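Q: Hey, dropping data06.cif in here, mmCIF, C-alpha atoms:
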data_final
loop_
_atom_site.group_PDB
_atom_site.id
_atom_site.type_symbol
_atom_site.label_atom_id
_atom_site.label_comp_id
_atom_site.auth_asym_id
_atom_site.auth_seq_id
_atom_site.Cartn_x
_atom_site.Cartn_y
_atom_site.Cartn_z
ATOM 1 C CA MET A 7 -11.046 57.858 26.691
ATOM 2 C CA SER A 8 -14.480 58.286 25.141
ATOM 3 C CA GLY A 9 -14.564 60.038 21.761
ATOM 4 C CA LYS A 10 -10.795 60.065 21.296
ATOM 5 C CA TYR A 11 -10.793 57.478 18.518
ATOM 6 C CA SER A 12 -12.898 56.537 15.491
ATOM 7 C CA GLU A 13 -16.271 55.047 16.385
ATOM 8 C CA ASN A 14 -15.372 51.408 15.626
ATOM 9 C CA LEU A 15 -12.065 51.516 17.466
ATOM 10 C CA GLN A 16 -13.657 53.276 20.423
ATOM 11 C CA ALA A 17 -16.305 50.538 20.639
ATOM 12 C CA TRP A 18 -13.515 47.919 20.703
ATOM 13 C CA LEU A 19 -11.624 49.761 23.440
ATOM 14 C CA ASP A 20 -14.782 50.374 25.470
ATOM 15 C CA MET A 21 -15.607 46.664 25.374
ATOM 16 C CA LEU A 22 -12.139 45.729 26.642
ATOM 17 C CA GLU A 23 -11.901 48.488 29.213
ATOM 18 C CA GLY A 24 -15.428 48.041 30.508
ATOM 19 C CA GLY A 25 -14.419 45.191 32.775
ATOM 20 C CA LYS A 26 -13.417 43.091 29.766
ATOM 21 C CA ASP A 27 -17.054 42.352 28.996
ATOM 22 C CA LEU A 28 -16.749 40.013 26.025
ATOM 23 C CA SER A 29 -20.501 39.418 25.744
ATOM 24 C CA ARG A 30 -20.570 42.004 22.921
ATOM 25 C CA LEU A 31 -17.702 40.393 21.015
ATOM 26 C CA ALA A 32 -19.738 38.299 18.547
ATOM 27 C CA GLY A 33 -21.786 41.359 17.578
ATOM 28 C CA MET A 34 -18.588 43.178 16.589
ATOM 29 C CA ILE A 35 -17.276 40.443 14.267
ATOM 30 C CA ALA A 36 -18.358 40.030 10.633
ATOM 31 C CA LYS A 37 -19.652 36.599 9.549
ATOM 32 C CA ASP A 38 -16.780 36.359 7.013
ATOM 33 C CA CYS A 39 -14.039 37.598 9.348
ATOM 34 C CA VAL A 40 -10.529 36.225 8.887
ATOM 35 C CA PHE A 41 -8.399 35.828 12.015
ATOM 36 C CA TYR A 42 -4.623 35.484 11.789
ATOM 37 C CA SER A 43 -3.214 33.951 14.949
ATOM 38 C CA PRO A 44 0.457 33.961 15.881
ATOM 39 C CA VAL A 45 0.091 30.375 17.094
ATOM 40 C CA VAL A 46 -1.871 28.821 14.198
ATOM 41 C CA HIS A 47 -0.277 28.573 10.776
ATOM 42 C CA THR A 48 -3.413 29.052 8.677
ATOM 43 C CA PRO A 49 -5.955 31.873 8.747
ATOM 44 C CA GLN A 50 -9.067 31.053 10.753
ATOM 45 C CA ARG A 51 -12.179 31.976 8.781
ATOM 46 C CA GLY A 52 -15.602 32.912 10.055
ATOM 47 C CA GLN A 53 -17.231 34.682 12.955
ATOM 48 C CA GLN A 54 -17.416 31.641 15.229
ATOM 49 C CA LEU A 55 -13.703 30.769 14.975
ATOM 50 C CA THR A 56 -12.651 34.408 15.311
ATOM 51 C CA VAL A 57 -14.746 34.860 18.451
ATOM 52 C CA MET A 58 -13.383 31.610 19.877
ATOM 53 C CA TYR A 59 -9.764 32.665 19.317
ATOM 54 C CA LEU A 60 -10.295 36.215 20.602
ATOM 55 C CA TYR A 61 -12.090 34.934 23.683
ATOM 56 C CA GLY A 62 -9.276 32.460 24.310
ATOM 57 C CA ALA A 63 -6.655 35.159 23.814
ATOM 58 C CA ALA A 64 -8.460 37.452 26.247
ATOM 59 C CA GLN A 65 -8.457 34.689 28.855
ATOM 60 C CA VAL A 66 -4.794 33.795 28.316
ATOM 61 C CA LEU A 67 -3.289 37.254 27.801
ATOM 62 C CA GLY A 68 -5.451 38.972 30.387
ATOM 63 C CA VAL A 69 -5.047 36.282 33.022
ATOM 64 C CA ASN A 70 -3.480 38.590 35.616
ATOM 65 C CA ASN A 71 -5.054 41.865 34.456
ATOM 66 C CA SER A 72 -1.715 43.221 33.227
ATOM 67 C CA PHE A 73 -2.870 43.460 29.572
ATOM 68 C CA LYS A 74 -2.830 47.031 28.280
ATOM 69 C CA TYR A 75 -2.559 48.808 24.972
ATOM 70 C CA VAL A 76 0.521 51.029 25.025
ATOM 71 C CA ARG A 77 0.335 52.543 21.530
ATOM 72 C CA ILE A 78 -2.682 52.992 19.264
ATOM 73 C CA LEU A 79 -2.639 54.008 15.623
ATOM 74 C CA ASP A 80 -6.149 54.883 14.466
ATOM 75 C CA CYS A 81 -6.491 54.986 10.679
ATOM 76 C CA GLY A 82 -10.285 54.977 10.371
ATOM 77 C CA GLU A 83 -11.238 51.540 9.079
ATOM 78 C CA ASN A 84 -7.810 50.205 10.142
ATOM 79 C CA ALA A 85 -6.106 50.243 13.523
ATOM 80 C CA VAL A 86 -2.813 48.991 14.906
ATOM 81 C CA LEU A 87 -2.760 48.479 18.653
ATOM 82 C CA GLU A 88 0.473 47.590 20.432
ATOM 83 C CA PHE A 89 -0.043 45.767 23.711
ATOM 84 C CA GLU A 90 1.943 44.504 26.665
ATOM 85 C CA THR A 91 1.170 41.916 29.295
ATOM 86 C CA GLU A 92 2.993 39.550 31.597
ATOM 87 C CA ILE A 93 2.329 35.864 32.185
ATOM 88 C CA ASP A 94 4.317 33.671 34.561
ATOM 89 C CA GLY A 95 7.043 36.311 34.769
ATOM 90 C CA ILE A 96 7.444 36.564 30.988
ATOM 91 C CA HIS A 97 6.950 40.008 29.442
ATOM 92 C CA ILE A 98 4.891 39.791 26.258
ATOM 93 C CA ASN A 99 4.758 42.479 23.605
ATOM 94 C CA GLY A 100 2.342 42.220 20.703
ATOM 95 C CA VAL A 101 0.320 43.958 18.058
ATOM 96 C CA ASP A 102 -3.343 43.682 17.070
ATOM 97 C CA MET A 103 -4.089 44.800 13.508
ATOM 98 C CA ILE A 104 -7.796 45.284 12.929
ATOM 99 C CA HIS A 105 -9.864 46.183 9.859
ATOM 100 C CA TRP A 106 -13.550 47.148 9.977
ATOM 101 C CA ASN A 107 -15.822 46.676 6.968
ATOM 102 C CA GLU A 108 -18.320 49.246 5.681
ATOM 103 C CA ASP A 109 -20.874 47.966 8.217
ATOM 104 C CA GLY A 110 -18.523 48.714 11.099
ATOM 105 C CA LEU A 111 -17.804 45.030 11.795
ATOM 106 C CA ILE A 112 -14.339 43.543 12.189
ATOM 107 C CA ASP A 113 -13.589 41.505 9.080
ATOM 108 C CA ASP A 114 -9.835 41.083 9.474
ATOM 109 C CA PHE A 115 -7.899 40.626 12.728
ATOM 110 C CA LYS A 116 -4.190 39.813 12.909
ATOM 111 C CA VAL A 117 -2.151 39.269 16.068
ATOM 112 C CA MET A 118 1.641 39.237 16.317
ATOM 113 C CA LEU A 119 3.663 38.428 19.443
ATOM 114 C CA ARG A 120 7.225 38.653 20.675
ATOM 115 C CA PRO A 121 9.592 37.424 22.042
ATOM 116 C CA LEU A 122 9.844 33.825 20.872
ATOM 117 C CA LYS A 123 9.754 32.513 24.463
ATOM 118 C CA ALA A 124 6.416 34.288 24.983
ATOM 119 C CA LEU A 125 5.037 32.945 21.714
ATOM 120 C CA GLY A 126 5.753 29.359 22.771
ATOM 121 C CA MET A 127 4.130 29.866 26.164
ATOM 122 C CA VAL A 128 1.039 31.548 24.685
ATOM 123 C CA GLN A 129 0.742 28.752 22.115
ATOM 124 C CA THR A 130 0.716 26.151 24.893
ATOM 125 C CA LYS A 131 -1.788 28.068 27.033
ATOM 126 C CA MET A 132 -4.062 28.820 24.056
ATOM 127 C CA GLY A 133 -3.995 25.138 23.094
ATOM 128 C CA GLU A 134 -5.058 24.185 26.611
ATOM 129 C CA MET A 135 -7.780 26.862 26.643
ATOM 130 C CA LEU A 136 -9.190 25.869 23.239
ATOM 131 C CA GLU A 137 -9.143 22.181 24.154
ATOM 132 C CA ALA A 138 -11.120 22.972 27.316
ATOM 133 C CA VAL A 139 -13.657 24.962 25.263
ATOM 134 C CA LYS A 140 -14.058 22.111 22.759
ATOM 135 C CA SER A 141 -14.513 19.401 25.382
ATOM 136 C CA PRO A 142 -15.993 20.820 28.623
ATOM 137 C CA ALA A 143 -17.309 17.377 29.586
ATOM 138 C CA LYS A 144 -13.761 16.242 30.362
ATOM 139 C CA ALA A 145 -13.346 18.883 33.076
#
Would you put the structure from the file into structure tokens?
A:
Amino acid sequence: MSGKYSENLQAWLDMLEGGKDLSRLAGMIAKDCVFYSPVVHTPQRGQQLTVMYLYGAAQVLGVNNSFKYVRILDCGENAVLEFETEIDGIHINGVDMIHWNEDGLIDDFKVMLRPLKALGMVQTKMGEMLEAVKSPAKA
């Protein structure tokens, strides 16, 4: 897949496809990034929150390694990536909308999910994941 897409998008795809190595994630996100989650009603602002939500989403949506992008629209500094995955027998279809700033860092990331049943399940699982991240001493 190398070289097929714009440089920023290719770096994103390489990170996900390279064994889902999220260690590079923070370096790809701008300090002032805004993350729009399908399960949180307000935009999440800042690099730390964006990384936390994306890491959580990767854990939840990629839990059984069925996550895959099925359609990619590469518009230079913008990309729309349609994905599919399955969790607990529920087929999930979603879209990642990403914008890169002039420095090549993601400064806007929006996720949409369907169907409603999947959204509810992902919201529950993300809540559990984020709670575990916030309070590891309870585990």
Q: Taking (-11.2, 46.2, 11.7) in the file's coordinates as the center, which residues reach within 7 Å of it, counting all atoms listed in the file, put as a VMD selection string?
A: chain A and resid 83 to 85 104 to 107 111 to 115
Q: Just say which residues the PyMOL selection byres ((chain A and resi 79) around 12) picks in this file, as a ChimeraX atom specification.
A: /A:10-12,15,75-78,80-89,101-104
Q: Which one of A:Leu22, A:Met34, A:Ile93, A:Leu28 sits closest to A:Asp109 if you count all atoms listed in the file?
A: A:Met34
Q: With the cut-off set at 8 Å and counting all atoms listed in the file, tabulate each residue of stretch 18-86 of chain A with an atom at most that distance from an atom of stretch 126-130 of chain A, showing the nearest atom pair and its distance in Å to one decimal, ordered by chain and increasing number, as a tab-separated table.
A:
residue	atom	partner	partner_atom	distance
A:Val45	CA	A:Gln129	CA	5.3
A:Val66	CA	A:Val128	CA	7.2
A:Leu67	CA	A:Val128	CA	7.8
Q: What lies within 8 Å of A:Leu136 using only C-alpha atoms, ignoring chain neighbours under 4 positions off, as a list in words?
A: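 The contact residues come out as Met58, Tyr59, Gly62, Met132 and Lys140 of chain A.
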Q: Expressed in Å to a single decimal, how great is the separation between atom CA of A:Gln54 and atom CA of A:Leu119?
A: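 Computing it gives 22.5 Å between the two atoms.
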Q: Using Å and a single decimal, report how far atom CA of A:Cys39 sits from atom CA of A:Trp18.
A: 15.4 Å
Q: Please, what distance in Å, to one decimal, runs between atom CA of A:His97 and atom CA of A:Lys131?
A: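 That distance, rounded to one decimal, is 15.0 Å.
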Q: Show me, as a PyMOL selection string, the residues that have an atom within 9 Å of A:Leu55 when counting all atoms listed in the file, minus same-chain residues fewer than 5 positions from it.
A: chain A and resi 39-41+50+60
Q: Would you list the contacts of A:Thr91 as a ChimeraX atom specification, taking every protein, DNA or RNA residue within 10 Å and counting only C-alpha atoms, but skipping same-chain residues closer than 5 positions in sequence?
A: /A:67-75,96-100
Q: Using C-alpha atoms, can you write the selected residues to a file as a short mmCIF file (atom, residue, chain, number, x, y, z; two decimals), keeping the file's coordinate frame?
A:
data_model
loop_
_atom_site.label_atom_id
_atom_site.label_comp_id
_atom_site.auth_asym_id
_atom_site.auth_seq_id
_atom_site.Cartn_x
_atom_site.Cartn_y
_atom_site.Cartn_z
CA LEU A 67 -3.29 37.25 27.80
CA GLY A 68 -5.45 38.97 30.39
CA VAL A 69 -5.05 36.28 33.02
CA ASN A 70 -3.48 38.59 35.62
CA ASN A 71 -5.05 41.86 34.46
CA SER A 72 -1.72 43.22 33.23
CA PHE A 73 -2.87 43.46 29.57
CA LYS A 74 -2.83 47.03 28.28
CA TYR A 75 -2.56 48.81 24.97
CA ILE A 96 7.44 36.56 30.99
CA HIS A 97 6.95 40.01 29.44
CA ILE A 98 4.89 39.79 26.26
CA ASN A 99 4.76 42.48 23.60
CA GLY A 100 2.34 42.22 20.70
#
Q: If you apply the PyMOL selection byres ((chain A and resi 53) around 7) to this file, what residues do you get, as a PyMOL selection string?
A: chain A and resi 35-39+52+54-57
Q: Which of these, A:Gly133, A:Gly33, A:Pro44, A:Pro49, has the shortest distance to A:Met21 once you count all atoms listed in the file?
A: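 Of the candidates, the smallest distance to A:Met21 is held by A:Gly33.
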